[in-house]
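Working notes for the structure below.
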Amino acid sequence: MKIFYSVLLCALISATSYSQAKENTKNDSIKKAVKLDEIIITGKLKKDPVFSSSSNNYAKKIVQPKNVADLFNNINGFSVIKRGNYAIDPSFRGAQYEQLNIQYDGGTKAMHACPNRMDPITTHIIPEEISKIEIIKGPYTVRYGATFGGIINLVTQKPNYEDYGFHGKVSSGFESNGNSLVNLAELQYINEKFDIVANAGYRDFGNYKDGFGTEIPSSFKSSDYGIKLGYNFTKNQRLKLDWRQSFGRDVLHAALPMDTEYDNSSILSVDYKIENIADVVKSISVKGYHSYVDHLMSNNNRPTFMMMEAESAVEATTIGGKFEMNWQPNKDLDVFSGIDLMNIARDGGRTRIVKMMNGNTLATPVTFNDKVWQDSQITDLGFFTEARYNLSPKSILTAGIRYDNVTSDIKDPEADFAAMYDLEKRTEHTFSGTVSFKKVLSENYTLEAAYGRGTRTANMIERFINHFTVGQDPYEYVGNPNLKAEVNNQFEVGIKGLEILKNGFDSFQFETSVYYSAFENYIVGIVDPTITRKFNPTTDPTNVKVFQNLDKAYKTGFEAMTQLNFLENYNFKTEFSYVHTKNKDLDESLPLTPPFTTKFVFGFEKENIWANAQYNLVSKQDNISESFGETETDGYQTLDLRFGGKPFKNVTLGLAVLNVFDQGYNSHLNFSFTNQANFGRTPVTEPGRNFSAFLQYKF
């Protein structure tokens, strides 16, 4: 790792020296800052990866999402996995967790410390700070780390580099269901050489009521702040420093055995880029980041506290970086080559004070200490090259190859875990690749086709967890350090287009794609009848699940969108998404497969006023994974109304009503209530009717 950072530092210093020598006599005013590789989707047909999309304009959402994952709810093909109102993970086409390559600003990562994912990457950033979400819908690029099911890039807001001086904004929001409050303040200063942005936010959410009138334990508080510093050495090179911290407090998790006492995270990232270096070498970019998550959870407010006090302090450190060079041997060939690194280290334990045993109160409680992460780490060093070749002015061929060297190690194993496996440091070698074709059929029609071979080595839970309940079911799970890497062989073809209409109808847009994935070595937990529970051994289920590789599994599905724009300011959009999965080994669906979903949106939009009504139809899901503890989920329908406008200069006002008809329902991907008084082990239900108000002032 030291060698890796030395290479990055030398490259940065040499590139800076070269450019400053080249620019030493220039006095040009810096009108525009260099665009760092924070975004991966530019809106330019020839530069963007195939099957990519961007969702933005979150200022017009008008509601206050609970965390970043809630921003995915209205993006076609996405669902969310919910364990409460805080621990929410996005799911795309039935892929989730480390199967999705989720990052901030083109590469920064912050991995969770809790084995139950109380603190996913989406909780460590202010949702209002997200300007857009970029999506690559499969393993169709090799430039942004090992990718199995797709890439999600959360792009934070950037200063307006052409508007010098002091600027800022303040905003506040309220939601009736839970009496929830959100506040944010931001201040920025920009001149031609440097810029600085500082923000701070506070969120206080109460328990919400579902559509049946039941109060769901889901409250939390969080405070965040961030500072961004940018410096323009010359007009073609830029350095940016980004620091943010997040502090979660008193977080209730309806579907997990404990609650969060505190969750503190710190993220530091540094980005540098130099452009227009020479005729062949076009740009060099360098990124480095460090994140740390400190997490404490307990069962102090749970029914089991009377019999056993449990407290778990865990931590996660993620360190990574990237060096990439863009070079063009000729005008039709664009090549990106580089190296990236990510190291994840976790440690921590659980303390149990047992007060009752076999139904009898102990005169002297007994204390036990359990190792949660067993001082483990995983390091991924990757090398990649990706090339885009213009076959013709309207045809683009893209191909890429990637090699990852992955080492995993466990330094402080429990005795029973060490007895199960040979725990020497392990090294894996994985290869990924992609080839895609993009054809402009006419001015407004584009055809895309792609194949991607994506790989994912086992995560730390799948490798090293030791008798902890980390799934949707009540089983204890045991890791397997000998797992093979998952492979996704994904094929996709799609078309999108735009037709200009007449007679009051302005235009008609459409987009659709169909995909098929053949999986190798798919990782799932499978019951092992030879191993019994370690904790509460007489409690059902008495056996455990051990993570294993499947031989035969696949996924197929499609997304489609149509939108009719009419009478200048009106639009009607329809979206469909469908996923079908199959675990041939167990003759059932793969876990966490979302149901068929349809959305109808009728909207009105002008510069200073906008409104929309969204009708959501979610089908029954009976294609389930019984081995994962899933049950059939009924379909449901909901209606959301949103209205917003700018009544005065620099002022934005919004109102919304979500779940207008107060529908009682649960999403198929929601986990079940766990260790909660007055709740059985049934899926967590969603909020009922919710009124929201939002006010923002910019200056």
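Lettering and numbering for the structure tokens are positional, with chains as A, B, ... in the shown order, residues counted from 1 in each chain, and ligands counted from 1 in the shown order.
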All residues 6 Å or closer to stretch 135-151 of chain A, only C-alpha atoms, same chain fewer than 2 positions away omitted, as a compact mmCIF listing (two decimals) with N, CA and C atoms, in the first residue's frame:
```txt
# COMPACT_ATOMS: atom_id res chain seq x y z
N PHE A 51 -25.74 1.94 -21.37
CA PHE A 51 -26.72 1.64 -20.33
C PHE A 51 -26.43 2.41 -19.04
N SER A 52 -26.24 3.71 -19.22
CA SER A 52 -26.02 4.59 -18.08
C SER A 52 -27.14 5.61 -18.03
N SER A 53 -27.41 6.11 -16.84
CA SER A 53 -28.45 7.12 -16.68
C SER A 53 -28.11 8.01 -15.51
N ALA A 95 -29.90 -6.88 -7.31
CA ALA A 95 -28.53 -6.86 -6.78
C ALA A 95 -28.48 -5.86 -5.63
N GLN A 99 -22.77 -6.30 -4.07
CA GLN A 99 -23.02 -6.59 -5.49
C GLN A 99 -23.16 -5.31 -6.30
N LEU A 100 -23.46 -4.21 -5.61
CA LEU A 100 -23.50 -2.89 -6.25
C LEU A 100 -22.26 -2.11 -5.83
N ASN A 101 -21.63 -1.47 -6.77
CA ASN A 101 -20.44 -0.67 -6.51
C ASN A 101 -20.90 0.76 -6.21
N ARG A 402 -9.91 -5.99 -16.86
CA ARG A 402 -9.51 -5.63 -15.50
C ARG A 402 -9.01 -6.88 -14.76
N THR A 434 -15.38 -6.31 -20.46
CA THR A 434 -16.62 -5.87 -21.08
C THR A 434 -16.37 -5.50 -22.53
N GLY A 452 -20.93 -7.89 -20.28
CA GLY A 452 -19.98 -7.61 -19.21
C GLY A 452 -19.77 -8.83 -18.35
N GLY A 454 -18.61 -9.38 -14.79
CA GLY A 454 -18.30 -8.73 -13.53
C GLY A 454 -17.99 -9.75 -12.46
N THR A 455 -17.06 -9.41 -11.58
CA THR A 455 -16.68 -10.32 -10.49
C THR A 455 -16.82 -9.62 -9.14
N ARG A 456 -17.09 -10.41 -8.12
CA ARG A 456 -17.15 -9.91 -6.74
C ARG A 456 -16.63 -10.99 -5.81
```
If you count only C-alpha atoms, which residues fall within 8 Å of A:Phe78, apart from same-chain ones fewer than 3 positions away, as a ChimeraX atom specification? /A:72-75,90-93
Residue contacts of stretch 549-564 of chain A (7 Å, only C-alpha atoms) excluding same-chain residues fewer than 3 positions away, as an MDAnalysis selection string: chainID A and resid 77 483:484 507:524 571:585
Which residue is closest to A:Leu391? Choose from A:Asp375, A:Asp640, A:Asp332, A:Asp473 and count only C-alpha atoms. A:Asp332
Quick one: of A:Gln472, A:Ser79, A:Ser392, A:Thr652, who's nearest to A:Lys439, counting only C-alpha atoms? A:Ser392
